[in-house]
$ cat query-v9.txt   # compact mmCIF, C-alpha atoms
# COMPACT_ATOMS: atom_id res chain seq x y z
CA MET A 1 0.00 0.00 0.00
CA THR A 2 1.09 3.53 -0.69
CA SER A 3 2.12 5.32 2.44
CA THR A 4 0.65 8.65 3.47
CA LYS A 5 4.04 10.28 3.00
CA GLU A 6 4.24 9.08 -0.61
CA LYS A 7 0.74 10.37 -1.33
CA ILE A 8 1.63 13.75 0.08
CA GLY A 9 4.81 13.77 -2.00
CA ARG A 10 2.86 13.05 -5.17
CA LEU A 11 0.32 15.75 -4.38
CA VAL A 12 3.11 18.24 -3.76
CA THR A 13 4.78 17.27 -7.04
CA ILE A 14 1.54 17.55 -9.00
CA GLY A 15 0.72 20.83 -7.29
CA GLY A 16 4.18 22.16 -8.11
CA LEU A 17 3.82 21.18 -11.76
CA ILE A 18 0.40 22.82 -11.98
CA LEU A 19 1.75 25.98 -10.34
CA ALA A 20 4.77 26.05 -12.67
CA LEU A 21 2.50 25.55 -15.68
CA PHE A 22 0.22 28.35 -14.50
CA VAL A 23 3.08 30.77 -13.84
CA GLY A 24 4.70 29.88 -17.16
CA SER A 25 1.43 30.42 -19.03
CA VAL A 26 0.88 33.80 -17.37
CA TRP A 27 4.45 34.85 -18.18
CA TYR A 28 4.16 33.72 -21.80
CA LEU A 29 0.81 35.41 -22.41
CA SER A 30 2.06 38.60 -20.77
CA TRP A 31 5.16 38.53 -22.95
CA VAL A 32 3.12 37.97 -26.12
CA HIS A 33 0.61 40.73 -25.39
CA LEU A 34 2.85 43.27 -23.64
CA SER A 35 6.53 42.78 -24.52
CA ARG A 36 7.04 40.70 -27.67
CA LYS A 37 8.81 42.78 -30.33
CA VAL A 38 7.87 42.26 -33.96
CA PRO A 39 10.67 43.23 -36.40
CA LEU A 40 9.88 45.98 -38.88
CA ALA A 41 10.83 45.96 -42.56
CA TYR A 42 10.92 48.98 -44.85
CA ALA A 43 10.79 49.12 -48.62
CA SER A 44 13.29 51.98 -48.82
CA VAL A 45 15.52 54.27 -46.81
CA GLU A 46 12.99 57.04 -47.35
CA GLN A 47 10.19 54.96 -45.85
CA GLN A 48 12.37 54.06 -42.89
CA PHE A 49 13.12 57.72 -42.24
CA ASN A 50 9.45 58.67 -42.44
CA TYR A 51 8.10 55.80 -40.32
CA GLY A 52 11.04 54.12 -38.60
CA MET A 53 11.67 53.69 -34.89
CA ILE A 54 14.31 55.88 -33.24
CA GLY A 55 14.62 54.25 -29.81
CA VAL A 56 12.53 56.63 -27.67
CA GLU A 57 9.21 54.89 -28.19
CA GLN A 58 8.63 54.37 -24.48
CA VAL A 59 8.42 58.13 -23.92
CA ASP A 60 5.43 59.13 -26.05
CA THR A 61 3.82 55.81 -26.94
CA VAL A 62 0.08 55.52 -27.56
CA PRO A 63 -1.67 52.19 -28.30
CA TYR A 64 -2.39 52.29 -32.03
CA TRP A 65 -6.07 51.35 -31.85
CA ILE A 66 -6.67 53.92 -29.11
CA TRP A 67 -4.70 56.55 -31.04
CA LEU A 68 -6.76 55.81 -34.15
CA ILE A 69 -10.14 56.52 -32.53
CA LEU A 70 -9.17 59.47 -30.33
CA PRO A 71 -10.07 62.15 -32.94
CA ARG A 72 -13.52 60.59 -33.31
CA LEU A 73 -14.08 60.49 -29.56
CA PHE A 74 -12.65 63.90 -28.67
CA PRO A 75 -12.96 66.08 -31.81
CA GLU A 76 -13.54 69.20 -29.70
CA LYS A 77 -9.97 68.96 -28.41
CA LEU A 78 -8.50 69.40 -31.89
CA PRO A 79 -7.95 72.90 -33.35
CA ARG A 80 -10.34 72.24 -36.24
CA PRO A 81 -12.25 69.39 -37.94
CA GLY A 82 -10.30 66.81 -39.89
CA GLY A 83 -8.74 64.51 -37.33
CA TYR A 84 -4.96 64.38 -37.22
CA VAL A 85 -4.79 66.13 -40.59
CA SER A 86 -6.07 69.24 -38.78
CA LEU A 87 -2.66 69.32 -37.06
CA LYS A 88 -1.05 69.70 -40.49
CA MET A 89 0.32 66.16 -40.55
CA ASP A 90 1.27 64.76 -43.94
CA TRP A 91 -0.54 61.47 -44.51
CA GLU A 92 0.57 59.45 -47.53
CA ALA A 93 -1.92 57.22 -49.31
CA GLY A 94 -1.79 53.61 -48.16
CA GLU A 95 0.04 54.32 -44.90
CA GLU A 96 -1.44 53.49 -41.49
CA VAL A 97 -0.01 56.61 -39.82
CA PRO A 98 1.07 60.09 -40.94
CA VAL A 99 4.66 60.91 -41.78
CA GLY A 100 6.60 61.45 -38.56
CA LEU A 101 4.92 58.66 -36.65
CA THR A 102 6.12 55.10 -36.28
CA LYS A 103 3.85 52.14 -35.74
CA GLN A 104 5.49 49.17 -34.09
CA THR A 105 4.33 46.12 -32.18
CA THR A 106 5.80 45.48 -28.76
CA GLY A 107 3.19 43.17 -27.37
CA PHE A 108 0.47 45.33 -28.92
CA PRO A 109 0.51 47.86 -31.80
CA LYS A 110 1.57 51.32 -30.66
CA VAL A 111 2.38 54.70 -32.17
CA SER A 112 5.05 57.25 -31.32
CA LEU A 113 6.83 60.21 -32.89
CA ASN A 114 10.06 59.95 -34.83
CA CYS A 115 12.50 62.39 -36.43
CA ALA A 116 10.39 62.97 -39.54
CA ALA A 117 7.70 64.69 -37.45
CA CYS A 118 9.88 67.81 -37.37
CA HIS A 119 12.25 67.09 -40.26
CA ASN A 120 10.17 66.49 -43.36
CA ALA A 121 9.27 69.47 -45.51
CA THR A 122 6.73 69.48 -48.33
CA PHE A 123 6.35 71.56 -51.46
CA SER A 124 3.94 71.69 -54.38
CA SER A 125 5.26 71.04 -57.85
CA LEU A 126 4.25 73.75 -60.32
CA SER A 127 4.34 71.22 -63.16
CA ASP A 128 1.75 68.77 -61.85
CA GLY A 129 0.49 70.34 -58.61
CA LYS A 130 1.41 67.26 -56.58
CA THR A 131 2.78 67.60 -53.06
CA LYS A 132 6.31 66.28 -52.70
CA MET A 133 8.56 65.79 -49.69
CA ILE A 134 12.08 66.79 -48.78
CA LEU A 135 13.50 64.31 -46.31
CA THR A 136 15.30 65.87 -43.30
CA GLY A 137 13.88 69.29 -44.18
CA SER A 138 12.17 71.45 -41.60
CA ALA A 139 8.44 70.80 -41.13
CA PRO A 140 7.02 74.32 -40.66
CA ASN A 141 3.36 73.34 -40.70
CA PHE A 142 3.09 70.38 -38.32
CA ASP A 143 1.47 71.56 -35.10
CA LEU A 144 3.54 69.52 -32.65
CA GLN A 145 2.27 71.51 -29.70
CA GLY A 146 -1.31 70.91 -30.79
CA TYR A 147 -0.59 67.18 -31.02
CA VAL A 148 0.83 67.08 -27.50
CA ASN A 149 -2.08 69.15 -26.18
CA PHE A 150 -4.59 66.87 -27.88
CA LEU A 151 -3.15 63.71 -26.34
CA ARG A 152 -2.89 65.31 -22.91
CA SER A 153 -6.36 66.82 -22.86
CA SER A 154 -7.91 63.59 -24.18
CA ALA A 155 -6.22 61.56 -21.45
CA ASN A 156 -7.49 63.97 -18.81
CA ASP A 157 -11.07 63.72 -20.02
CA PRO A 158 -13.25 61.60 -17.67
CA ARG A 159 -14.39 59.59 -20.69
CA PHE A 160 -10.85 58.29 -21.21
CA ASN A 161 -11.47 55.03 -19.38
CA SER A 162 -11.53 51.35 -20.21
CA ASN A 163 -15.30 51.01 -20.48
CA TYR A 164 -15.76 53.92 -22.87
CA LEU A 165 -12.72 53.23 -25.05
CA LEU A 166 -13.33 49.50 -25.39
CA ASN A 167 -16.95 50.14 -26.31
CA LYS A 168 -15.90 52.53 -29.08
CA LEU A 169 -12.92 50.46 -30.15
CA GLN A 170 -15.10 47.55 -31.23
CA ASP A 171 -16.38 49.73 -34.09
CA VAL A 172 -12.97 49.67 -35.78
CA TYR A 173 -11.21 46.56 -34.47
CA GLU A 174 -12.31 43.31 -32.86
CA LEU A 175 -10.13 42.44 -29.88
CA SER A 176 -9.98 38.87 -28.64
CA TRP A 177 -11.32 38.05 -25.19
CA LEU A 178 -7.79 37.94 -23.79
CA GLU A 179 -6.75 41.16 -25.54
CA LYS A 180 -9.72 42.93 -23.96
CA ARG A 181 -8.50 41.87 -20.52
CA PHE A 182 -5.04 43.31 -21.18
CA TYR A 183 -6.49 46.53 -22.60
CA ARG A 184 -8.99 46.95 -19.77
CA TYR A 185 -6.69 46.33 -16.82
CA ILE A 186 -3.21 47.24 -18.08
CA ILE A 187 -2.85 48.97 -21.45
CA ILE A 188 -5.56 51.65 -21.19
CA PRO A 189 -4.88 52.58 -17.52
CA GLN A 190 -1.13 52.83 -18.16
CA SER A 191 -1.71 54.90 -21.30
CA GLN A 192 -4.01 57.28 -19.45
CA GLN A 193 -1.42 57.74 -16.72
CA ALA A 194 1.45 58.26 -19.17
CA LEU A 195 -0.39 60.78 -21.34
CA SER A 196 -1.65 62.62 -18.27
CA GLN A 197 1.96 63.09 -17.17
CA LEU A 198 2.38 65.46 -20.09
CA GLU A 199 0.90 67.89 -17.56
CA ASP A 200 4.41 68.01 -16.09
CA VAL A 201 5.37 70.68 -18.67
CA PRO A 202 2.62 73.33 -18.22
CA ASP A 203 5.03 76.16 -17.37
CA LEU A 204 6.93 75.64 -20.63
CA LEU A 205 3.73 75.63 -22.65
CA LYS A 206 2.37 78.69 -20.85
CA SER A 207 5.56 80.70 -21.38
CA HIS A 208 5.55 79.78 -25.09
CA PRO A 209 1.87 79.36 -26.00
CA ASN A 210 2.65 79.12 -29.72
CA TRP A 211 6.13 77.63 -29.76
CA THR A 212 5.50 75.69 -32.98
CA LYS A 213 4.74 78.92 -34.84
CA GLU A 214 7.50 80.83 -33.05
CA ALA A 215 10.09 78.30 -34.20
CA MET A 216 9.03 78.67 -37.83
CA GLN A 217 8.00 82.33 -38.04
CA HIS A 218 11.07 83.26 -40.10
CA TRP A 219 10.61 80.41 -42.60
CA GLN A 220 10.67 81.74 -46.15
CA SER A 221 9.78 80.25 -49.51
CA ILE A 222 12.63 78.48 -51.25
CA GLN A 223 13.08 78.33 -55.02
CA PHE A 224 15.15 75.35 -56.13
CA GLU A 225 17.79 76.34 -58.65
CA ASN A 226 17.65 73.00 -60.46
CA SER A 227 13.87 72.83 -60.73
CA GLN A 228 11.73 75.66 -61.99
CA ALA A 229 8.64 73.62 -61.16
CA SER A 230 9.36 73.17 -57.44
CA GLN A 231 8.83 75.67 -54.65
CA LEU A 232 8.28 75.44 -50.94
CA PRO A 233 5.12 77.28 -49.82
CA ASN A 234 5.40 80.18 -47.43
CA PRO A 235 3.57 79.04 -44.25
CA THR A 236 2.76 82.63 -43.34

$ encode --input "query-v9.txt" --output "structure tokens"
Amino acid sequence: MTSTKEKIGRLVTIGGLILALFVGSVWYLSWVHLSRKVPLAYASVEQQFNYGMIGVEQVDTVPYWIWLILPRLFPEKLPRPGGYVSLKMDWEAGEEVPVGLTKQTTGFPKVSLNCAACHNATFSSLSDGKTKMILTGSAPNFDLQGYVNFLRSSANDPRFNSNYLLNKLQDVYELSWLEKRFYRYIIIPQSQQALSQLEDVPDLLKSHPNWTKEAMQHWQSIQFENSQASQLPNPT
């Protein structure tokens, strides 16, 4: 007959295996939905400059699906109708985000600024009227301050909570049952806290209420010597 001590030993072993399996499953699912990095590939150097990661994504990151619906949920916090385009962002056809933003997946899709947000000028060709870009040029029209203010004011709105956002999010993207749990209890609360911390710079914003315009107020039109059909518009 099996002794009581052996039975207890088996129960302890089985219990330990179950606990290890549970802990391992929790760790794996957390890694997949919160930390797993998906490599990015770009078709060209130009595309990488416009949409590539620059290593500071943890500073100004917004979950992509939340970022996508914010203009629809809080349009009154934008300077004018038109969503993110109202902030004078350049949005190329076929791209998921405007120029100057990078979309990457680290557990879940997220969006953050990159160098092209401030260093990507545009001009209209006189020959065909199409808007063209100058990589690394100065972006005199993008309202960076307005973008920061929009994210901050949206996060400080009482409606910025898991119930409201998840209810609206289902109109554009269907989260799995498990994804909803992560968004409800971790991703949305952490995003709200992070974006609200943009309140830490109110004195700077108050002392320079229009610092985007101030930085570009001396920008002048440029005529390219090698192209009679290309000219940068005067933002004033």

$ closest_residue --input "query-v9.txt" --among "A:Lys110, A:Glu6, A:Glu96, A:Ala194" --to "Arg152 in chain A" --atoms "only C-alpha atoms"
A:Ala194

$ closest_atom_pairs --input "query-v9.txt" --of "range 102-174 of chain A" --to "range 40-48 of chain A" --cutoff "9 Å" --atoms "all atoms listed in the file" --output "CSV"
residue,atom,partner,partner_atom,distance
A:Gln104,CA,A:Leu40,CA,7.2
A:Thr105,CA,A:Leu40,CA,8.7
A:Leu135,CA,A:Glu46,CA,7.4

$ closest_residue --input "query-v9.txt" --among "A:Asn141, A:Ser191, A:Ser196, A:Thr4" --to "Trp65 in chain A" --atoms "all atoms listed in the file"
A:Ser191

$ closest_residue --input "query-v9.txt" --among "A:Gln197, A:Asn156, A:Gln170, A:Asn161" --to "Arg184 in chain A" --atoms "all atoms listed in the file"
A:Asn161

$ axis_aligned_box --input "query-v9.txt" --around "range 182-195 of chain A" --padding-each-side "8 Å" --output "JSON"
{"center_x": -3.8, "center_y": 52.0, "center_z": -19.7, "size_x": 26.4, "size_y": 33.5, "size_z": 21.9}

$ closest_residue --input "query-v9.txt" --among "A:Val148, A:Val38, A:Val62, A:Leu21" --to "Leu87 in chain A" --atoms "all atoms listed in the file"
A:Val148

$ residues_near_point --input "query-v9.txt" --point "(-10.2, 60.4, -21.6)" --cutoff "10 Å" --atoms "all atoms listed in the file" --output "list of chain:residue names"
A:Leu70, A:Leu73, A:Phe74, A:Leu151, A:Arg152, A:Ser153, A:Ser154, A:Ala155, A:Asn156, A:Asp157, A:Pro158, A:Arg159, A:Phe160, A:Asn161, A:Ser162, A:Tyr164, A:Leu165, A:Ile188, A:Gln192, A:Leu195, A:Ser196

$ decode --input "query-v9.txt" --residues "range 70-111 of chain A" --atoms "C-alpha atoms" --output "compact mmCIF listing (two decimals), in the first residue's frame"
# COMPACT_ATOMS: atom_id res chain seq x y z
CA LEU A 70 -9.17 59.47 -30.33
CA PRO A 71 -10.07 62.15 -32.94
CA ARG A 72 -13.52 60.59 -33.31
CA LEU A 73 -14.08 60.49 -29.56
CA PHE A 74 -12.65 63.90 -28.67
CA PRO A 75 -12.96 66.08 -31.81
CA GLU A 76 -13.54 69.20 -29.70
CA LYS A 77 -9.97 68.96 -28.41
CA LEU A 78 -8.50 69.40 -31.89
CA PRO A 79 -7.95 72.90 -33.35
CA ARG A 80 -10.34 72.24 -36.24
CA PRO A 81 -12.25 69.39 -37.94
CA GLY A 82 -10.30 66.81 -39.89
CA GLY A 83 -8.74 64.51 -37.33
CA TYR A 84 -4.96 64.38 -37.22
CA VAL A 85 -4.79 66.13 -40.59
CA SER A 86 -6.07 69.24 -38.78
CA LEU A 87 -2.66 69.32 -37.06
CA LYS A 88 -1.05 69.70 -40.49
CA MET A 89 0.32 66.16 -40.55
CA ASP A 90 1.27 64.76 -43.94
CA TRP A 91 -0.54 61.47 -44.51
CA GLU A 92 0.57 59.45 -47.53
CA ALA A 93 -1.92 57.22 -49.31
CA GLY A 94 -1.79 53.61 -48.16
CA GLU A 95 0.04 54.32 -44.90
CA GLU A 96 -1.44 53.49 -41.49
CA VAL A 97 -0.01 56.61 -39.82
CA PRO A 98 1.07 60.09 -40.94
CA VAL A 99 4.66 60.91 -41.78
CA GLY A 100 6.60 61.45 -38.56
CA LEU A 101 4.92 58.66 -36.65
CA THR A 102 6.12 55.10 -36.28
CA LYS A 103 3.85 52.14 -35.74
CA GLN A 104 5.49 49.17 -34.09
CA THR A 105 4.33 46.12 -32.18
CA THR A 106 5.80 45.48 -28.76
CA GLY A 107 3.19 43.17 -27.37
CA PHE A 108 0.47 45.33 -28.92
CA PRO A 109 0.51 47.86 -31.80
CA LYS A 110 1.57 51.32 -30.66
CA VAL A 111 2.38 54.70 -32.17
